[in-house]
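What's in final30.tsv: TSV, C-alpha atoms
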```
chain	number	residue	atom	x	y	z
A	1	LEU	CA	-224.35	107.49	-153.01
A	2	MET	CA	-223.42	107.02	-156.67
A	3	ARG	CA	-225.36	104.34	-158.49
A	4	SER	CA	-225.17	102.65	-161.85
A	5	LYS	CA	-227.94	102.00	-164.32
A	6	LEU	CA	-227.48	98.33	-165.03
A	7	THR	CA	-229.31	96.09	-167.47
A	8	LYS	CA	-228.71	92.42	-168.13
A	9	LYS	CA	-226.38	93.26	-171.00
A	10	ASN	CA	-225.13	96.83	-170.46
A	11	GLU	CA	-223.81	98.99	-167.65
A	12	TYR	CA	-222.83	102.63	-167.23
A	13	VAL	CA	-219.40	103.39	-165.79
A	14	PHE	CA	-218.25	106.90	-164.93
A	15	GLY	CA	-215.21	108.70	-163.57
A	16	PHE	CA	-212.01	109.20	-165.52
A	17	HIS	CA	-209.88	106.47	-163.89
A	18	ALA	CA	-212.56	103.80	-164.15
A	19	VAL	CA	-213.29	104.67	-167.79
A	20	ARG	CA	-209.61	104.83	-168.73
A	21	GLN	CA	-208.98	101.39	-167.23
A	22	ILE	CA	-211.76	99.84	-169.30
A	23	PHE	CA	-210.39	101.55	-172.41
A	24	LYS	CA	-206.96	100.13	-171.57
A	25	ASN	CA	-207.98	96.58	-170.65
A	26	ASP	CA	-211.00	95.80	-172.82
A	27	ILE	CA	-212.09	98.64	-175.09
A	28	SER	CA	-214.21	96.16	-177.07
A	29	ARG	CA	-216.74	96.32	-174.19
A	30	VAL	CA	-217.36	100.04	-174.79
A	31	LEU	CA	-220.48	100.87	-176.78
A	32	GLU	CA	-220.87	104.62	-176.28
A	33	LEU	CA	-218.92	107.53	-174.78
A	34	TRP	CA	-220.49	110.67	-173.28
A	35	VAL	CA	-218.22	113.65	-172.71
A	36	GLN	CA	-219.06	116.94	-171.01
A	37	GLN	CA	-219.17	119.87	-173.43
A	38	LYS	CA	-216.20	122.26	-173.42
A	39	ARG	CA	-213.93	119.78	-171.71
A	40	ASN	CA	-210.92	119.66	-174.02
A	41	ASP	CA	-208.02	118.67	-171.76
A	42	ALA	CA	-205.41	116.11	-172.81
A	43	LYS	CA	-206.96	113.25	-170.81
A	44	ILE	CA	-210.30	113.60	-172.55
A	45	GLN	CA	-208.66	114.07	-175.95
A	46	THR	CA	-206.86	110.74	-175.49
A	47	LEU	CA	-210.16	108.97	-174.74
A	48	LEU	CA	-211.85	110.65	-177.71
A	49	GLN	CA	-209.04	109.60	-180.04
A	50	GLN	CA	-209.23	106.00	-178.85
A	51	ALA	CA	-213.02	106.00	-179.20
A	52	LYS	CA	-212.80	107.33	-182.78
A	53	GLN	CA	-210.24	104.67	-183.70
A	54	GLN	CA	-212.63	101.98	-182.45
A	55	ALA	CA	-215.68	103.60	-184.08
A	56	ILE	CA	-217.32	104.08	-180.69
A	57	SER	CA	-220.30	106.45	-180.68
A	58	ILE	CA	-219.40	109.77	-179.01
A	59	GLN	CA	-221.90	112.18	-177.46
A	60	SER	CA	-220.97	115.70	-176.33
A	61	VAL	CA	-223.51	116.74	-173.69
A	62	GLN	CA	-224.08	119.27	-170.93
A	63	LYS	CA	-222.96	118.57	-167.37
A	64	LYS	CA	-226.56	118.31	-166.18
A	65	THR	CA	-227.12	115.43	-168.60
A	66	LEU	CA	-224.23	113.50	-167.08
A	67	ASP	CA	-225.43	114.41	-163.58
A	68	LYS	CA	-228.81	112.90	-164.39
A	69	LEU	CA	-227.32	109.84	-166.06
A	70	THR	CA	-225.13	109.06	-163.02
A	71	GLU	CA	-227.65	110.25	-160.41
A	72	ASN	CA	-225.26	113.07	-159.44
A	73	GLY	CA	-222.25	110.78	-159.25
A	74	HIS	CA	-218.68	112.07	-159.40
A	75	HIS	CA	-218.42	111.51	-163.16
A	76	GLN	CA	-215.58	114.00	-163.90
A	77	GLY	CA	-217.18	114.79	-167.23
A	78	VAL	CA	-217.01	111.31	-168.72
A	79	VAL	CA	-219.45	108.37	-168.84
A	80	ILE	CA	-219.45	105.21	-170.91
A	81	ARG	CA	-222.08	102.62	-171.74
A	82	CYS	CA	-220.48	99.23	-172.06
A	83	LYS	CA	-221.21	95.53	-172.10
A	84	ALA	CA	-221.75	94.33	-168.55
A	85	HIS	CA	-218.70	93.05	-166.71
A	86	ILE	CA	-218.52	89.27	-166.88
A	87	ILE	CA	-218.42	87.92	-163.34
A	88	LYS	CA	-216.18	84.90	-163.00
A	89	THR	CA	-217.29	81.64	-161.38
A	90	LYS	CA	-215.68	78.76	-159.46
A	91	THR	CA	-214.72	77.13	-162.75
A	92	THR	CA	-212.68	80.22	-163.59
A	93	LEU	CA	-211.10	80.06	-160.13
A	94	GLU	CA	-210.08	76.44	-160.67
A	95	ASP	CA	-208.43	77.33	-163.98
A	96	LEU	CA	-206.76	80.40	-162.48
A	97	ILE	CA	-205.23	78.52	-159.55
A	98	ALA	CA	-204.05	75.72	-161.82
A	99	SER	CA	-202.25	78.27	-164.03
A	100	LEU	CA	-200.40	80.09	-161.23
A	101	LYS	CA	-196.61	79.83	-161.16
A	102	THR	CA	-196.40	81.15	-157.60
A	103	PRO	CA	-198.25	80.16	-154.38
A	104	PRO	CA	-201.88	81.42	-154.56
A	105	PHE	CA	-202.54	84.68	-152.71
A	106	LEU	CA	-206.31	85.17	-152.41
A	107	LEU	CA	-208.76	87.53	-150.73
A	108	ILE	CA	-212.22	86.32	-149.69
A	109	LEU	CA	-214.91	88.84	-148.70
A	110	ASP	CA	-217.80	87.23	-146.83
A	111	GLU	CA	-220.95	89.30	-147.53
A	112	VAL	CA	-219.43	92.74	-147.97
A	113	GLN	CA	-222.54	94.81	-148.79
A	114	ASP	CA	-221.21	98.34	-149.28
A	115	PRO	CA	-220.01	99.10	-152.84
A	116	GLN	CA	-217.61	101.70	-151.44
A	117	ASN	CA	-215.98	99.00	-149.35
A	118	LEU	CA	-215.84	96.49	-152.20
A	119	GLY	CA	-214.28	99.10	-154.48
A	120	SER	CA	-211.65	99.98	-151.87
A	121	CYS	CA	-210.89	96.31	-151.24
A	122	LEU	CA	-210.43	95.65	-154.97
A	123	ARG	CA	-208.08	98.61	-155.27
A	124	THR	CA	-205.95	97.38	-152.35
A	125	ALA	CA	-206.06	93.81	-153.68
A	126	ASP	CA	-204.68	95.01	-157.01
A	127	ALA	CA	-201.88	96.94	-155.29
A	128	ALA	CA	-201.00	93.95	-153.10
A	129	GLY	CA	-200.81	91.53	-156.05
A	130	ILE	CA	-203.80	89.40	-155.07
A	131	ASP	CA	-204.49	86.64	-157.60
A	132	ALA	CA	-208.29	86.72	-157.16
A	133	VAL	CA	-211.00	88.15	-154.93
A	134	ILE	CA	-213.76	85.69	-154.02
A	135	VAL	CA	-217.26	86.69	-152.90
A	136	PRO	CA	-220.52	84.78	-152.34
A	137	LYS	CA	-223.00	85.20	-155.19
A	138	ASN	CA	-225.94	86.02	-152.93
A	139	GLN	CA	-226.10	88.82	-150.35
A	140	ALA	CA	-222.91	90.46	-151.57
A	141	CYS	CA	-222.37	93.79	-153.29
A	142	LYS	CA	-222.95	93.81	-157.04
A	143	LEU	CA	-220.21	95.12	-159.32
A	144	GLY	CA	-221.72	98.48	-160.28
A	145	ALA	CA	-220.50	101.92	-161.29
A	146	ILE	CA	-219.71	103.00	-157.75
A	147	VAL	CA	-217.38	100.01	-157.36
A	148	HIS	CA	-215.60	100.93	-160.59
A	149	VAL	CA	-215.19	104.53	-159.41
A	150	VAL	CA	-213.82	103.69	-155.97
A	151	ALA	CA	-211.61	100.91	-157.32
A	152	CYS	CA	-210.03	103.34	-159.83
A	153	GLY	CA	-209.82	100.62	-162.49
A	154	ALA	CA	-208.97	97.67	-160.23
A	155	ALA	CA	-212.44	96.22	-160.88
A	156	ASP	CA	-211.12	95.38	-164.35
A	157	THR	CA	-207.67	94.13	-163.34
A	158	VAL	CA	-208.30	91.84	-160.36
A	159	PRO	CA	-210.34	88.69	-161.09
A	160	LEU	CA	-213.57	88.88	-159.06
A	161	VAL	CA	-215.01	85.40	-158.56
A	162	GLN	CA	-218.57	84.80	-157.36
A	163	VAL	CA	-219.30	81.41	-155.80
A	164	THR	CA	-222.75	79.99	-155.12
A	165	ASN	CA	-221.75	78.30	-151.85
A	166	LEU	CA	-218.90	80.00	-150.01
A	167	ALA	CA	-218.46	77.25	-147.41
A	168	SER	CA	-218.11	74.66	-150.17
A	169	ALA	CA	-215.61	76.88	-151.98
A	170	LEU	CA	-213.58	77.23	-148.78
A	171	ARG	CA	-213.42	73.46	-148.36
A	172	TRP	CA	-212.31	73.11	-151.99
A	173	LEU	CA	-209.54	75.68	-151.45
A	174	LYS	CA	-208.33	73.73	-148.42
A	175	ASP	CA	-208.21	70.58	-150.57
A	176	GLN	CA	-205.89	72.50	-152.93
A	177	GLY	CA	-203.48	73.07	-150.06
A	178	ILE	CA	-204.44	76.72	-149.50
A	179	TRP	CA	-204.27	77.89	-145.88
A	180	LEU	CA	-207.38	79.81	-144.83
A	181	VAL	CA	-206.77	82.73	-142.46
A	182	GLY	CA	-209.93	84.39	-141.13
A	183	LEU	CA	-210.13	87.76	-139.40
A	184	ASP	CA	-212.17	87.69	-136.18
A	185	GLU	CA	-211.90	90.32	-133.47
A	186	LYS	CA	-212.43	87.65	-130.78
A	187	ALA	CA	-209.62	85.39	-132.05
A	188	GLU	CA	-206.76	84.61	-129.69
A	189	ALA	CA	-203.97	84.79	-132.29
A	190	SER	CA	-202.67	88.13	-133.51
A	191	LEU	CA	-202.39	88.78	-137.24
A	192	PHE	CA	-198.78	89.81	-136.66
A	193	ASP	CA	-197.81	86.48	-135.08
A	194	VAL	CA	-199.03	84.30	-137.95
A	195	GLN	CA	-197.05	83.19	-140.99
A	196	LEU	CA	-198.69	84.52	-144.15
A	197	THR	CA	-196.31	83.16	-146.77
A	198	GLY	CA	-197.07	80.25	-149.09
A	199	PRO	CA	-200.54	79.49	-150.54
A	200	ILE	CA	-203.04	81.48	-148.45
A	201	ALA	CA	-206.48	83.03	-148.57
A	202	LEU	CA	-207.31	85.90	-146.23
A	203	ILE	CA	-211.00	85.95	-145.28
A	204	LEU	CA	-212.81	89.02	-143.97
A	205	GLY	CA	-216.45	89.36	-143.02
A	206	GLY	CA	-218.99	91.96	-144.01
A	207	GLU	CA	-219.88	95.19	-142.30
A	208	GLY	CA	-221.08	94.81	-138.72
A	209	LYS	CA	-221.51	91.02	-138.56
A	210	GLY	CA	-218.02	89.87	-139.49
A	211	LEU	CA	-217.44	86.30	-140.61
A	212	ARG	CA	-220.41	83.96	-140.73
A	213	ARG	CA	-220.32	80.80	-138.61
A	214	LEU	CA	-219.59	78.38	-141.47
A	215	SER	CA	-216.85	80.65	-142.78
A	216	ARG	CA	-215.21	80.77	-139.36
A	217	GLU	CA	-215.47	77.01	-138.94
A	218	ASN	CA	-213.77	76.38	-142.28
A	219	CYS	CA	-210.77	78.59	-141.47
A	220	ASP	CA	-207.47	76.95	-140.56
A	221	ILE	CA	-206.78	79.79	-138.13
A	222	LEU	CA	-208.56	82.89	-136.88
A	223	VAL	CA	-206.61	86.07	-136.15
A	224	HIS	CA	-207.32	89.53	-134.82
A	225	ILE	CA	-205.80	92.94	-135.54
A	226	PRO	CA	-204.42	94.38	-132.28
A	227	MET	CA	-206.52	97.39	-131.22
A	228	LEU	CA	-204.59	99.69	-128.90
A	229	GLY	CA	-207.03	102.61	-128.65
A	230	GLN	CA	-210.69	103.10	-127.74
A	231	VAL	CA	-212.16	102.10	-131.12
A	232	GLU	CA	-213.48	98.53	-131.03
A	233	SER	CA	-213.39	97.69	-134.74
A	234	LEU	CA	-212.13	98.86	-138.12
A	235	ASN	CA	-213.89	99.39	-141.45
A	236	VAL	CA	-213.60	96.23	-143.56
A	237	SER	CA	-211.65	98.01	-146.30
A	238	VAL	CA	-209.13	99.35	-143.75
A	239	ALA	CA	-208.82	95.91	-142.14
A	240	THR	CA	-208.29	94.40	-145.59
A	241	GLY	CA	-205.44	96.80	-146.27
A	242	ILE	CA	-203.73	95.95	-142.98
A	243	CYS	CA	-204.06	92.19	-143.52
A	244	LEU	CA	-202.96	92.20	-147.14
A	245	TYR	CA	-199.93	94.34	-146.57
A	246	ASP	CA	-198.68	92.38	-143.59
A	247	ALA	CA	-198.88	89.35	-145.88
A	248	VAL	CA	-197.07	91.29	-148.64
A	249	ARG	CA	-194.33	92.29	-146.17
A	250	GLN	CA	-193.83	88.68	-145.13
A	251	ARG	CA	-193.90	87.36	-148.69
A	252	ILE	CA	-191.33	89.90	-149.91
A	253	LYS	CA	-189.07	89.11	-146.94
A	254	ALA	CA	-189.39	85.35	-147.61
A	255	GLU	CA	-188.20	85.86	-151.20
A	256	MET	CA	-185.06	87.73	-150.14
A	257	PRO	CA	-181.78	85.76	-150.44
```

If you convert what's in this file into structure tokens, what do you get?
Amino acid sequence: LMRSKLTKKNEYVFGFHAVRQIFKNDISRVLELWVQQKRNDAKIQTLLQQAKQQAISIQSVQKKTLDKLTENGHHQGVVIRCKAHIIKTKTTLEDLIASLKTPPFLLILDEVQDPQNLGSCLRTADAAGIDAVIVPKNQACKLGAIVHVVACGAADTVPLVQVTNLASALRWLKDQGIWLVGLDEKAEASLFDVQLTGPIALILGGEGKGLRRLSRENCDILVHIPMLGQVESLNVSVATGICLYDAVRQRIKAEMP
């Protein structure tokens, strides 16, 4: 498992795609760039040129140094030290929803603990055009280097909102006219029989336990993904992809003349 070294103010992010996305979206966060010696390909040269233009400190080091820094993570010869990612709060969510010109399309992850899963969900959320991903502040995966790597830059493109009380946030979303659709394997309704156009939030539970009781109770409807084989459940990131893209399919179809 790849891990990040995280302080209150700084974090280390590694892997070419994750680093490139931070350079593209908010290069002012970058404090230092480490590059593996003898790596002179065009991708690295572009990063080095950008770093020099911004007067970012550059260190050319041996591979074993990067291996140690990332605890043997898949760094691809590049690591950056940057200002810690600013996690957004419910206030940000309120402003974001108020500014939308189209019906809100949200993803809520209820206690997803695995950074690999969170990274995959963020990547799919970005591809599906999700307006924001909402997670509970406590008992949820922290936004570390592994999330950045798996998300391939989506961690810096999709607003990730942490809320102190998820049940309260769900009730607030309902007051804004957003329809809450929860995924529960025991639900009677099928995902494919439910309308997913208009202002909606898709809610998926964490690994193993699924949705918590209060989350289920606050949903407007619970749905299941039809399982036609012997496997009883799907990984949360796979289930997220299925749910989001059925919603995308419906929303694109609804916009057609």

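Non-sequential neighbours of Lys209 of chain A (distance at most 10 Å, separation of 6 or more positions within a chain, all atoms listed in the file) are Asp110, Glu111 and Val112 of chain A.
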
Report task. Choose the residue, out of A:Leu222, A:Ile56, A:Val158, A:Gln62, that has the smallest atom-to-atom separation from Asn25 of chain A; count all atoms listed in the file. Result ->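 The shortest atom-to-atom distance to Asn25 of chain A comes from A:Val158.
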
Requested in this report: Can you work out the spacing between atom CA of Cys219 of chain A and atom CA of Val231 of chain A in Å, to one decimal?
Outcome: 25.7 Å

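When atom CA of Asp67 of chain A is paired with atom CA of Lys38 of chain A, their separation reads 15.6 Å.
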
Excluding Val19 of chain A and its own-chain neighbours fewer than 6 positions away, which residues fall within 8 Å of it when counting all atoms listed in the file? Please give them as a compact mmCIF listing (two decimals) with C-alpha atoms, in the coordinates of the input.
```txt
# COMPACT_ATOMS: atom_id res chain seq x y z
CA VAL A 13 -219.40 103.39 -165.79
CA VAL A 78 -217.01 111.31 -168.72
CA VAL A 79 -219.45 108.37 -168.84
CA ILE A 80 -219.45 105.21 -170.91
CA GLY A 153 -209.82 100.62 -162.49
```

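Of the listed residues A:Ala55, A:Ala254, A:Val181, A:Leu66, the one whose atoms come nearest to Val35 of chain A is A:Leu66, with distances taken using only C-alpha atoms.
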
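Across the model, the gap from atom CA of Phe192 of chain A to atom CA of Arg171 of chain A is 24.9 Å.
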